[in-house]
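*Asks:* Below you'll find model_32.cif; it's mmCIF, C-alpha atoms.
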data_my_file
#
loop_
_atom_site.label_atom_id
_atom_site.label_comp_id
_atom_site.auth_asym_id
_atom_site.auth_seq_id
_atom_site.Cartn_x
_atom_site.Cartn_y
_atom_site.Cartn_z
CA MET E 923 110.32 96.45 93.95
CA ASN E 924 113.54 94.74 95.07
CA ILE E 925 115.36 97.62 96.78
CA THR E 926 114.45 97.78 100.45
CA LYS E 927 114.54 100.60 102.97
CA GLY E 928 117.30 98.68 104.75
CA ASP E 929 119.44 98.69 101.59
CA VAL E 930 119.14 102.45 101.25
CA LEU E 931 119.84 103.11 104.93
CA GLU E 932 122.92 100.88 104.86
CA LEU E 933 124.48 102.93 102.07
CA ARG E 934 123.39 106.23 103.60
CA ARG E 935 124.81 105.42 107.05
CA ARG E 936 128.29 105.08 105.54
CA LEU E 937 128.34 108.68 104.28
CA LYS E 938 130.12 110.21 107.23
CA LYS E 939 133.73 111.18 107.83
CA THR E 940 134.70 108.01 109.68
CA GLU E 941 133.19 105.51 107.23
CA CYS E 942 133.02 107.15 103.80
CA THR E 943 135.20 105.40 101.22
CA PHE E 944 134.58 107.56 98.12
CA GLY E 945 137.66 107.43 95.93
CA ARG E 946 137.39 109.73 92.93
CA MET E 947 134.88 112.55 92.41
CA CYS E 948 134.37 114.34 89.10
CA GLY E 949 132.28 117.35 88.17
CA CYS E 950 131.03 119.39 85.24
CA TYR E 951 129.61 122.91 85.67
CA VAL E 952 127.10 123.90 82.97
CA ASN E 953 125.58 127.34 82.36
CA SER E 954 122.03 128.20 81.26
CA GLY E 955 123.13 128.09 77.61
CA LYS E 956 124.11 124.41 77.99
CA GLN E 957 127.81 125.33 77.70
CA VAL E 958 130.45 123.63 79.83
CA VAL E 959 132.11 126.22 82.07
CA LEU E 960 134.30 123.92 84.14
CA LYS E 961 135.29 120.26 84.48
CA PHE E 962 137.29 118.88 87.38
CA THR E 963 138.48 115.65 88.99
CA GLN E 964 139.35 115.28 92.66
CA ASP E 965 140.47 112.58 95.07
CA PHE E 966 137.72 112.73 97.63
CA SER E 967 139.98 112.15 100.63
CA GLU E 968 142.12 115.19 99.67
CA LEU E 969 139.25 117.69 99.78
CA GLU E 970 139.43 120.48 102.35
CA GLU E 971 137.26 119.73 105.34
CA ASP E 972 134.50 122.26 104.55
CA GLU E 973 134.30 121.07 100.94
CA TYR E 974 134.44 117.43 102.04
CA PHE E 975 131.29 117.74 104.14
CA LYS E 976 129.41 119.81 101.53
CA TYR E 977 130.06 117.24 98.81
CA LEU E 978 129.20 114.46 101.25
CA GLU E 979 125.89 116.18 102.01
CA ILE E 980 125.01 116.22 98.30
CA ALA E 981 125.76 112.50 97.95
CA LYS E 982 123.76 111.73 101.09
CA LYS E 983 120.76 113.65 99.77
CA THR E 984 120.78 111.48 96.65
CA LEU E 985 120.16 108.50 98.95
CA SER E 986 117.20 110.08 100.73
CA GLY E 987 113.45 109.99 100.25
CA THR E 988 110.75 107.35 100.15
CA LEU E 989 110.98 104.25 97.99
CA GLY E 990 108.29 104.25 95.33
CA SER E 991 107.60 107.93 95.91
CA ASN E 992 110.66 110.00 94.99
CA LEU E 993 113.23 107.21 95.23
CA LEU E 994 112.56 104.93 92.26
CA GLU E 995 113.89 101.55 91.20
CA LEU E 996 114.37 101.68 87.42
CA GLU E 997 114.69 98.72 85.09
CA PHE E 998 116.44 98.76 81.74
CA ALA E 999 114.23 98.70 78.68
CA ARG E 1000 114.30 95.43 76.74
CA ASP E 1001 115.81 96.63 73.50
CA GLU E 1002 119.22 96.89 71.88
CA GLN E 1003 119.65 100.59 72.68
CA ALA E 1004 119.02 100.01 76.38
CA THR E 1005 121.56 97.19 76.38
CA GLU E 1006 124.16 99.59 75.01
CA HIS E 1007 123.34 102.10 77.78
CA GLN E 1008 123.78 99.37 80.38
CA LYS E 1009 127.14 98.29 78.95
CA TYR E 1010 128.29 101.92 78.93
CA LEU E 1011 127.33 102.47 82.59
CA LEU E 1012 129.15 99.29 83.58
CA ALA E 1013 132.23 100.47 81.69
CA LEU E 1014 132.14 103.92 83.31
CA LYS E 1015 131.80 102.39 86.77
CA GLY E 1016 134.57 99.88 86.05
CA SER E 1017 136.93 102.68 84.94
CA LYS E 1018 136.67 104.22 88.41
CA LEU E 1019 135.92 107.50 86.59
CA ALA E 1020 139.48 107.60 85.24
CA ASN E 1021 138.43 107.35 81.57
CA GLU E 1022 137.80 110.94 80.43
CA GLU E 1023 136.14 109.87 77.21
CA LEU E 1024 133.54 107.79 79.04
CA LEU E 1025 133.05 110.55 81.59
CA ASP E 1026 132.58 113.22 78.91
CA ARG E 1027 129.97 111.02 77.25
CA LEU E 1028 127.91 111.08 80.46
CA TYR E 1029 128.22 114.86 80.72
CA GLU E 1030 127.20 115.32 77.07
CA GLN E 1031 124.17 113.05 77.40
CA VAL E 1032 122.94 114.79 80.55
CA ILE E 1033 123.42 118.24 78.99
CA GLU E 1034 121.55 117.17 75.86
CA GLN E 1035 118.61 115.56 77.66
CA TYR E 1036 118.25 117.52 80.90
CA ALA E 1037 115.63 120.25 80.44
CA TYR E 1038 116.67 122.89 82.98
CA PRO E 1039 116.65 126.67 82.38
CA GLY E 1040 119.49 127.67 84.71
CA ASN E 1041 123.02 126.73 85.67
CA TYR E 1042 123.74 123.35 87.21
CA LEU E 1043 126.55 121.07 88.38
CA ILE E 1044 126.91 117.39 87.45
CA LEU E 1045 128.77 115.43 90.13
CA VAL E 1046 129.89 111.79 89.84
CA TYR E 1047 131.31 109.81 92.77
CA HIS E 1048 132.97 106.39 92.71
CA ASP E 1049 132.95 104.05 95.68
CA VAL E 1050 133.91 100.49 96.65
CA TYR E 1051 132.11 99.05 99.66
CA ASP E 1052 133.21 95.85 101.37
CA VAL E 1053 129.81 94.61 102.45
CA PRO E 1054 130.23 92.99 105.89
CA SER E 1055 128.55 89.65 106.40
CA LYS E 1056 125.86 89.32 109.03
CA ALA E 1057 125.53 86.69 111.69
CA THR E 1058 122.26 84.83 112.19
CA SER E 1059 121.53 87.29 115.00
CA GLY E 1060 121.62 90.13 112.44
CA GLU E 1061 124.80 91.75 113.78
CA GLU E 1062 127.47 92.76 111.28
CA GLN E 1063 130.77 90.87 111.30
CA ASP E 1064 134.21 92.08 110.28
CA GLU E 1065 134.71 89.79 107.29
CA SER E 1066 132.92 90.67 104.04
CA GLU E 1067 131.14 88.37 101.64
CA GLU E 1068 130.81 90.78 98.71
CA ILE E 1069 132.43 93.88 97.27
CA TYR E 1070 129.90 96.42 96.00
CA GLU E 1071 131.40 98.83 93.47
CA TYR E 1072 129.15 101.63 92.31
CA MET E 1073 128.95 105.20 91.08
CA LEU E 1074 126.64 107.92 92.31
CA CYS E 1075 125.61 110.83 90.11
CA ALA E 1076 123.91 114.02 91.34
CA VAL E 1077 122.63 116.96 89.30
CA CYS E 1078 122.52 120.13 91.41
CA PRO E 1079 121.09 123.56 90.57
CA VAL E 1080 123.53 126.47 90.83
CA GLU E 1081 121.85 129.77 91.66
CA LEU E 1082 122.85 133.30 92.62
CA SER E 1083 122.64 134.00 96.33
CA LYS E 1084 119.90 136.43 97.35
CA PRO E 1085 120.69 140.16 97.54
CA ALA E 1086 121.45 141.21 101.09
CA LEU E 1087 123.34 143.70 103.22
CA GLY E 1088 126.47 142.65 105.05
CA TYR E 1089 129.53 143.96 106.86
CA ARG E 1090 132.28 144.95 104.45
CA GLU E 1091 135.36 144.52 106.60
CA ASP E 1092 137.80 146.19 104.19
CA GLU E 1093 135.69 149.39 104.23
CA ASN E 1094 134.38 149.04 107.82
CA ARG E 1095 130.80 149.68 106.78
CA ILE E 1096 127.52 147.95 106.04
CA GLY E 1097 126.98 147.51 102.33
CA ALA E 1098 125.56 145.24 99.65
CA ARG E 1099 126.94 141.72 99.74
CA VAL E 1100 128.66 140.28 96.71
CA ARG E 1101 126.28 137.77 95.16
CA ASP E 1102 127.84 134.35 94.61
CA TRP E 1103 126.84 131.33 92.55
CA VAL E 1104 125.77 128.74 95.13
CA VAL E 1105 125.54 124.99 94.52
CA GLY E 1106 122.27 123.62 95.92
CA LEU E 1107 121.22 120.13 96.92
CA PRO E 1108 120.43 117.82 93.97
CA ASP E 1109 117.20 117.95 91.99
CA LEU E 1110 117.89 114.44 90.74
CA GLY E 1111 120.51 111.72 90.77
CA PHE E 1112 121.10 108.00 90.45
CA VAL E 1113 123.12 105.11 91.84
CA TYR E 1114 124.35 102.34 89.55
CA PRO E 1115 124.35 99.43 89.99
CA ALA E 1116 121.51 99.44 92.50
CA PHE E 1117 122.21 98.09 95.97
CA VAL E 1118 119.71 95.23 96.37
CA ASN E 1119 119.61 92.66 99.16
CA ARG E 1120 123.00 93.94 100.31
CA GLY E 1121 124.56 93.31 96.94
CA SER E 1122 124.99 94.62 93.41
CA ASP E 1123 122.12 94.44 90.89
CA VAL E 1124 123.46 95.45 87.46
CA ASN E 1125 119.95 95.26 85.99
CA ALA E 1126 118.56 98.08 88.12
CA VAL E 1127 119.22 101.76 88.79
CA MET E 1128 118.19 103.60 91.95
CA TYR E 1129 116.92 107.01 90.83
CA TYR E 1130 116.39 110.02 93.09
CA VAL E 1131 114.07 112.98 92.43
CA LYS E 1132 113.68 115.94 94.75
CA THR E 1133 110.20 115.98 96.28
CA GLY E 1134 107.82 118.03 94.15
CA LYS E 1135 110.08 117.98 91.08
CA GLY E 1136 109.43 116.18 87.80
CA SER E 1137 111.12 112.85 87.14
CA HIS E 1138 112.56 113.93 83.75
CA PRO E 1139 111.55 110.84 81.77
CA GLU E 1140 113.67 112.00 78.83
CA LEU E 1141 116.79 111.63 80.96
CA ILE E 1142 115.69 108.25 82.36
CA GLU E 1143 115.09 106.90 78.88
CA ASN E 1144 117.89 108.48 76.84
CA VAL E 1145 120.74 108.70 79.36
CA LEU E 1146 120.13 105.60 81.49
CA GLY E 1147 118.25 103.47 78.94
CA CYS E 1148 115.59 102.66 81.54
CA VAL E 1149 111.81 102.52 81.51
CA PRO E 1150 110.45 105.89 82.79
CA GLN E 1151 108.52 105.92 86.05
CA ARG E 1152 106.40 108.59 87.68
CA THR E 1153 107.11 109.98 91.11
CA ALA E 1154 104.31 109.99 93.69
CA ALA E 1155 103.67 113.68 92.93
CA GLU E 1156 103.31 112.93 89.20
CA ASP E 1157 101.03 109.94 89.92
CA LYS E 1158 98.83 112.14 92.10
CA GLN E 1159 98.49 114.85 89.46
CA ALA E 1160 97.82 112.36 86.64
CA PHE E 1161 95.21 110.59 88.78
CA ARG E 1162 93.33 113.81 89.49
CA SER E 1163 93.35 114.80 85.82
CA VAL E 1164 91.96 111.41 84.75
CA VAL E 1165 89.04 111.60 87.19
CA CYS E 1166 88.15 115.29 86.95
CA ASP E 1167 88.58 115.71 83.18
CA ALA E 1168 85.99 112.98 82.60
CA PHE E 1169 83.28 115.33 83.96
CA GLY E 1170 83.97 117.98 81.34
CA ASP E 1171 82.92 121.47 82.47
CA ASP E 1172 81.00 120.31 85.54
CA GLU E 1173 83.71 121.22 88.05
CA GLU E 1174 81.42 121.07 91.07
CA GLN E 1175 80.36 117.49 90.41
CA ALA E 1176 83.94 116.52 89.52
CA ASP E 1177 85.31 117.91 92.80
CA ALA E 1178 82.58 116.20 94.83
CA ALA E 1179 83.19 112.81 93.18
CA PHE E 1180 86.97 113.14 93.43
CA PHE E 1181 86.68 113.87 97.16
CA GLN E 1182 84.51 110.81 97.76
CA ILE E 1183 86.99 108.60 95.86
CA GLN E 1184 89.86 110.08 97.87
CA LYS E 1185 88.02 109.36 101.13
CA THR E 1186 87.68 105.70 100.18
CA ILE E 1187 91.36 105.49 99.18
CA SER E 1188 92.30 107.09 102.50
CA GLY E 1189 90.48 104.31 104.33
CA MET E 1190 92.26 101.66 102.25
CA VAL E 1191 95.67 103.18 103.03
CA ALA E 1192 94.86 103.50 106.74
CA GLU E 1193 93.92 99.83 106.87
CA ARG E 1194 97.33 98.87 105.45
CA GLU E 1195 99.10 101.12 107.93
CA GLU E 1196 97.41 99.31 110.81
CA ASP E 1197 98.33 95.87 109.42
CA GLU E 1198 101.80 95.92 107.84
CA SER E 1199 101.34 92.36 106.59
CA LEU E 1200 98.84 93.60 104.02
CA PRO E 1201 100.39 94.50 100.63
CA PRO E 1202 99.94 98.01 99.16
CA VAL E 1203 96.76 98.46 97.13
CA SER E 1204 97.40 98.59 93.38
CA LEU E 1205 94.83 100.88 91.77
CA THR E 1206 93.93 99.17 88.51
CA ALA E 1207 91.41 100.63 86.10
CA GLU E 1208 88.79 98.15 87.35
CA THR E 1209 89.47 99.11 90.98
CA LEU E 1210 89.06 102.79 90.18
CA SER E 1211 85.82 102.08 88.33
CA GLY E 1212 84.50 100.39 91.47
CA LEU E 1213 85.49 103.38 93.58
CA ALA E 1214 83.74 105.69 91.14
CA GLN E 1215 80.59 103.59 91.35
CA GLU E 1216 80.64 103.85 95.16
CA ALA E 1217 80.90 107.63 94.73
CA GLU E 1218 77.73 107.49 92.56
CA VAL E 1219 79.54 108.68 89.43
CA PRO E 1220 77.27 108.41 86.34
CA GLU E 1221 77.92 105.33 84.23
CA ALA E 1222 79.02 107.26 81.14
CA VAL E 1223 81.59 109.17 83.19
CA ARG E 1224 82.81 105.98 84.86
CA THR E 1225 83.40 104.40 81.45
CA GLN E 1226 85.42 107.42 80.34
CA ILE E 1227 87.47 107.37 83.56
CA GLU E 1228 88.30 103.67 83.18
CA LYS E 1229 89.30 104.09 79.53
CA THR E 1230 91.55 107.13 80.13
CA TYR E 1231 93.07 105.62 83.25
CA ALA E 1232 94.10 102.46 81.40
CA HIS E 1233 95.68 104.60 78.67
CA VAL E 1234 97.60 106.86 81.08
CA PHE E 1235 98.91 104.25 83.51
CA GLY E 1236 99.03 101.20 81.22
CA ASP E 1237 100.36 98.01 82.77
CA THR E 1238 101.92 99.80 85.77
CA PRO E 1239 99.01 101.20 87.83
CA PRO E 1240 100.04 103.31 90.84
CA VAL E 1241 99.67 102.21 94.44
CA ALA E 1242 97.00 103.86 96.56
CA ASP E 1243 99.57 105.67 98.72
CA ASN E 1244 100.92 107.56 95.69
CA VAL E 1245 97.58 109.01 94.56
CA LEU E 1246 96.19 109.76 98.02
CA ASP E 1247 95.82 113.48 98.67
CA SER E 1248 95.77 113.42 102.47
CA LYS E 1249 95.51 117.19 102.74
CA LEU E 1250 92.43 117.26 100.50
CA VAL E 1251 90.75 114.53 102.56
CA GLU E 1252 91.53 116.29 105.85
CA GLN E 1253 90.27 119.64 104.60
CA GLY E 1254 87.16 118.15 103.02
CA THR E 1255 86.35 116.15 106.14
CA ALA E 1256 86.79 119.27 108.28
CA ARG E 1257 84.48 121.26 105.98
CA ALA E 1258 81.86 118.50 106.10
CA HIS E 1259 82.08 118.41 109.91
CA THR E 1260 81.70 122.19 110.07
CA ALA E 1261 78.73 122.10 107.69
CA ALA E 1262 77.05 119.41 109.83
CA LEU E 1263 77.52 121.51 112.96
CA GLU E 1264 76.13 124.58 111.19
CA GLN E 1265 73.12 122.54 110.11
CA LYS E 1266 72.51 121.41 113.69
CA VAL E 1267 72.78 125.01 114.91
CA ALA E 1268 70.29 126.14 112.25
CA VAL E 1269 67.82 123.41 113.32
CA LEU E 1270 68.17 124.42 116.98
CA GLN E 1271 67.67 128.06 116.09
CA GLN E 1272 64.48 127.16 114.20
CA GLU E 1273 63.23 125.13 117.17
CA LEU E 1274 63.95 128.00 119.60
CA ALA E 1275 62.23 130.47 117.29
CA ALA E 1276 59.18 128.19 117.08
CA GLN E 1277 59.09 127.89 120.89
CA ALA E 1278 59.35 131.66 121.27
CA ALA E 1279 56.52 132.16 118.78
CA ALA E 1280 54.37 129.64 120.66
CA ARG E 1281 54.96 131.47 123.92
CA ALA E 1282 54.10 134.79 122.28
CA ASP E 1283 50.86 133.33 120.96
CA ALA E 1284 49.99 132.00 124.41
CA ASP E 1285 50.67 135.40 125.96
CA ALA E 1286 48.48 137.06 123.32
CA ASP E 1287 45.67 134.63 124.10
CA GLU E 1288 45.87 135.52 127.81
CA SER E 1289 46.03 139.32 127.37
CA PRO E 1290 42.22 140.03 127.22
CA TRP E 1291 41.77 138.36 130.60
CA ARG E 1292 44.58 140.49 131.99
CA GLU E 1293 42.91 143.67 130.71
CA GLU E 1294 39.67 142.72 132.43
CA THR E 1295 41.12 141.61 135.77
CA GLY E 1296 44.40 143.44 136.09
CA ILE E 1297 44.98 146.87 137.71
CA GLU E 1298 47.40 149.35 136.18
CA LEU E 1299 48.47 152.48 138.12
CA HIS E 1300 50.28 155.55 136.83
CA VAL E 1301 51.92 157.59 139.58
CA PRO E 1302 55.00 159.84 139.71
CA GLN E 1303 58.19 157.94 140.39
CA GLU E 1304 58.71 159.64 143.75
CA ARG E 1305 55.29 158.38 144.90
CA ALA E 1306 55.77 154.75 143.83
CA GLY E 1307 57.77 153.88 146.91
CA ARG E 1308 54.87 154.86 149.19
CA ILE E 1309 52.41 152.38 147.66
CA ARG E 1310 51.96 149.21 149.74
CA THR E 1311 49.75 146.18 150.14
CA ASP E 1312 47.75 145.29 153.23
CA VAL E 1313 44.79 143.23 154.33
CA VAL E 1314 41.64 145.22 155.15
CA ASP E 1315 38.59 143.40 156.48
CA GLY E 1316 40.15 140.13 155.39
CA GLN E 1317 40.74 141.34 151.80
CA LYS E 1318 44.15 141.94 150.31
CA CYS E 1319 44.28 145.58 149.22
CA LEU E 1320 46.57 147.98 147.43
CA LEU E 1321 46.96 151.13 149.52
CA VAL E 1322 47.80 154.37 147.72
CA PRO E 1323 48.34 157.34 150.10
CA LEU E 1324 46.79 160.67 148.97
CA GLU E 1325 47.87 164.11 150.01
CA GLU E 1326 45.36 166.77 150.93
CA GLY E 1327 43.68 168.23 147.88
CA GLU E 1328 44.70 165.30 145.60
CA HIS E 1329 42.13 163.55 143.40
CA ALA E 1330 42.01 160.07 141.87
CA ARG E 1331 40.42 158.79 138.66
CA ILE E 1332 39.42 155.14 138.10
CA ASN E 1333 38.76 154.30 134.44
CA GLY E 1334 38.51 158.07 133.80
CA VAL E 1335 35.85 158.65 136.48
CA GLU E 1336 36.57 161.14 139.22
CA GLN E 1337 36.40 159.54 142.66
CA THR E 1338 35.06 161.26 145.73
CA LEU E 1339 37.39 160.59 148.67
#
Please, can you express the file's structure as structure tokens?

*Replies:*
Amino acid sequence: MNITKGDVLELRRRLKKTECTFGRMCGCYVNSGKQVVLKFTQDFSELEEDEYFKYLEIAKKTLSGTLGSNLLELEFARDEQATEHQKYLLALKGSKLANEELLDRLYEQVIEQYAYPGNYLILVYHDVYDVPSKATSGEEQDESEEIYEYMLCAVCPVELSKPALGYREDENRIGARVRDWVVGLPDLGFVYPAFVNRGSDVNAVMYYVKTGKGSHPELIENVLGCVPQRTAAEDKQAFRSVVCDAFGDDEEQADAAFFQIQKTISGMVAEREEDESLPPVSLTAETLSGLAQEAEVPEAVRTQIEKTYAHVFGDTPPVADNVLDSKLVEQGTARAHTAALEQKVAVLQQELAAQAAARADADADESPWREETGIELHVPQERAGRIRTDVVDGQKCLLVPLEEGEHARINGVEQTL
């Protein structure tokens, strides 16, 4: 990958009122039936303030995300059709969006290829950026070394606002709000040419996808003429399918093996985070096979995993960061820790039960002696407090006071007092 985080941040930092230099902005509103409802062209600097910042927010969102995850660097395919797409994009950018025919061609291609069930808005911005040179200290200088001319395209969903109650001022009452069609932040977009090493790269496109959304490979291939790439979310899902499907119907074994593989990948990623000099781990089919072997996956299943993985990912295997399911690892580790604690508690409970049983056995063994040598008295509760011990003729005795006319029995034998 040639685009750096610094390149993206440099473009993004300019998208504020004091530094933005967008010239022309064009738009095309499309309904759910793929029919054009509205087309418009606007000088960006002449927008009303509220609109200015809303459109700026959309453009800024198209320059957000994580490189290699949902912000992708696309390359043009090496065929004649892709070359034509590249020439077209250069012509559209060079026209500064003033050529309606070229602009309509972009709208038509997006409408034809973009699989979306609802309404949406296609926005295209044109910008010229005088890239300031940098001193050896890294500080920007006033003079520029290069002029970066580019266009930014964003495709935004347009949805009805949610039903709600509101104050109806004309009627002075609370009533149902009028539902409006609201333009949302973009689901996808692109910048062409890509901004690479603080300059223009006409052989690359920077492509944005909203986190959790599909990359729309049909649009990448047929509108931009580029080689499709997966987002991190798509890599993660494809990776799981490759591993788990190889186990067939044995879901329990598949989940256990997948968790062990994910734990190992988590360790690999953590190691790279601690040492930034280490390059990201590329998960080739051979690497995955080794991870599966460490997880004690049966050989036949490992062979199937390696074969399917090579077919799905081909010559562009994903990096470990993209297939790591951190949440799964955290939850699985927590469950394992809880299970270990429960096991320790069960062992302790068994030990305590065994000790209690041993004490009970010892008490049972001593009970005959107690029956032979012990003394047990049964007296009314009100008399118990009068019983005392004393020493008589040098012998410790238990003294039980008797009232006149009372009798005592010892082992059922009447005693003469």

*Asks:* Record the distance separating CA of Leu1107 in chain E and CA of Lys983 in chain E, expressed in Å with one decimal.

*Replies:*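 Rounded to one decimal, the two atoms are 7.1 Å apart.
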
*Asks:* With distances taken over only C-alpha atoms, which residue among E:Tyr1036, E:Tyr1129, E:Trp1103, E:Tyr1231 lies nearest Ser991 in chain E?

*Replies:*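 With only C-alpha atoms as the atom set, the closest residue is E:Tyr1129.
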
*Asks:* E:Leu969, E:Val1191, E:Leu1141, E:Leu996: which is nearest Glu1034 in chain E, counting only C-alpha atoms?

*Replies:*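 Of E:Leu969, E:Val1191, E:Leu1141, E:Leu996, the one nearest Glu1034 in chain E is E:Leu1141, counting only C-alpha atoms.
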
*Asks:* Which residues come within 6 Å of His1048 in chain E, counting all atoms listed in the file, excluding same-chain residues fewer than 2 positions away, as a compact mmCIF listing (two decimals) with C-alpha atoms, in the coordinates of the input?

*Replies:*
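Everything below was put into part33.txt:
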# COMPACT_ATOMS: atom_id res chain seq x y z
CA PHE E 944 134.58 107.56 98.12
CA GLY E 945 137.66 107.43 95.93
CA ARG E 946 137.39 109.73 92.93
CA MET E 1073 128.95 105.20 91.08

*Asks:* Quote the spacing between CA of Lys1185 in chain E and CA of Thr1255 in chain E in Å to one decimal place.

*Replies:*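 These atoms are spaced 8.6 Å apart.
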
*Asks:* State, in Å with one decimal place, the distance from CA of Thr1209 in chain E to CA of Asn992 in chain E.

*Replies:*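 These two atoms are separated by 24.2 Å.
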
*Asks:* Please write the residues picked by the PyMOL selection byres ((chain E and resi 1069) around 8) on this file as a list in words.

*Replies:*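 Selected by the PyMOL selection byres ((chain E and resi 1069) around 8) in this file: Val1050, Tyr1051, Asp1052, Val1053, Ser1066, Glu1067, Glu1068, Tyr1070, Glu1071 and Gly1121 of chain E.
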
*Asks:* Just say which residues the PyMOL selection byres ((chain E and resi 1219) around 10) picks in this file, as a PyMOL selection string.

*Replies:* chain E and resi 1169+1175-1176+1178-1180+1182-1183+1211-1218+1220-1225+1227

*Asks:* Could you list as JSON, numbers by chain every residue that has an atom within 10 Å of (47.6, 151.1, 144.4), using the file's coordinates and counting only C-alpha atoms?

*Replies:* {"E": [1297, 1298, 1299, 1300, 1301, 1306, 1308, 1309, 1310, 1311, 1319, 1320, 1321, 1322, 1323]}

*Asks:* Could you check which of E:Ala1160, E:Ala1262, E:Ala1076, E:Ala1242 is closest to Tyr951 in chain E, using only C-alpha atoms?

*Replies:*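 The closest residue to Tyr951 in chain E is E:Ala1076.
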
*Asks:* Name all residues at most 9 Å from Phe1235 in chain E (count all atoms listed in the file; drop same-chain ones fewer than 5 positions away) and give them as an NGL selection string.

*Replies:* :E and (1157 or 1160 or 1206-1207 or 1230 or 1240)

*Asks:* Near Lys1009 in chain E, counting all atoms listed in the file, which residues have an atom at most 12 Å away, once you skip same-chain residues fewer than 2 positions from it, shown as a list in words?

*Replies:*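 These residues fall inside the cut-off: Phe998, Glu1002, Gln1003, Ala1004, Thr1005, Glu1006, His1007, Leu1011, Leu1012, Ala1013, Leu1014, Lys1015, Gly1016, Leu1024, Tyr1114, Pro1115, Val1124, Asn1125, Leu1146 and Gly1147 of chain E.
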
*Asks:* Mind dumping the selected residues with C-alpha atoms as a PDB file, keeping the file's coordinate frame?

*Replies:*
ATOM      1  CA  PHE E 998     116.440  98.760  81.740  1.00  0.00           C
ATOM      2  CA  GLU E1002     119.220  96.890  71.880  1.00  0.00           C
ATOM      3  CA  GLN E1003     119.650 100.590  72.680  1.00  0.00           C
ATOM      4  CA  ALA E1004     119.020 100.010  76.380  1.00  0.00           C
ATOM      5  CA  THR E1005     121.560  97.190  76.380  1.00  0.00           C
ATOM      6  CA  GLU E1006     124.160  99.590  75.010  1.00  0.00           C
ATOM      7  CA  HIS E1007     123.340 102.100  77.780  1.00  0.00           C
ATOM      8  CA  LEU E1011     127.330 102.470  82.590  1.00  0.00           C
ATOM      9  CA  LEU E1012     129.150  99.290  83.580  1.00  0.00           C
ATOM     10  CA  ALA E1013     132.230 100.470  81.690  1.00  0.00           C
ATOM     11  CA  LEU E1014     132.140 103.920  83.310  1.00  0.00           C
ATOM     12  CA  LYS E1015     131.800 102.390  86.770  1.00  0.00           C
ATOM     13  CA  GLY E1016     134.570  99.880  86.050  1.00  0.00           C
ATOM     14  CA  LEU E1024     133.540 107.790  79.040  1.00  0.00           C
ATOM     15  CA  TYR E1114     124.350 102.340  89.550  1.00  0.00           C
ATOM     16  CA  PRO E1115     124.350  99.430  89.990  1.00  0.00           C
ATOM     17  CA  VAL E1124     123.460  95.450  87.460  1.00  0.00           C
ATOM     18  CA  ASN E1125     119.950  95.260  85.990  1.00  0.00           C
ATOM     19  CA  LEU E1146     120.130 105.600  81.490  1.00  0.00           C
ATOM     20  CA  GLY E1147     118.250 103.470  78.940  1.00  0.00           C
TER      21      GLY E1147
END
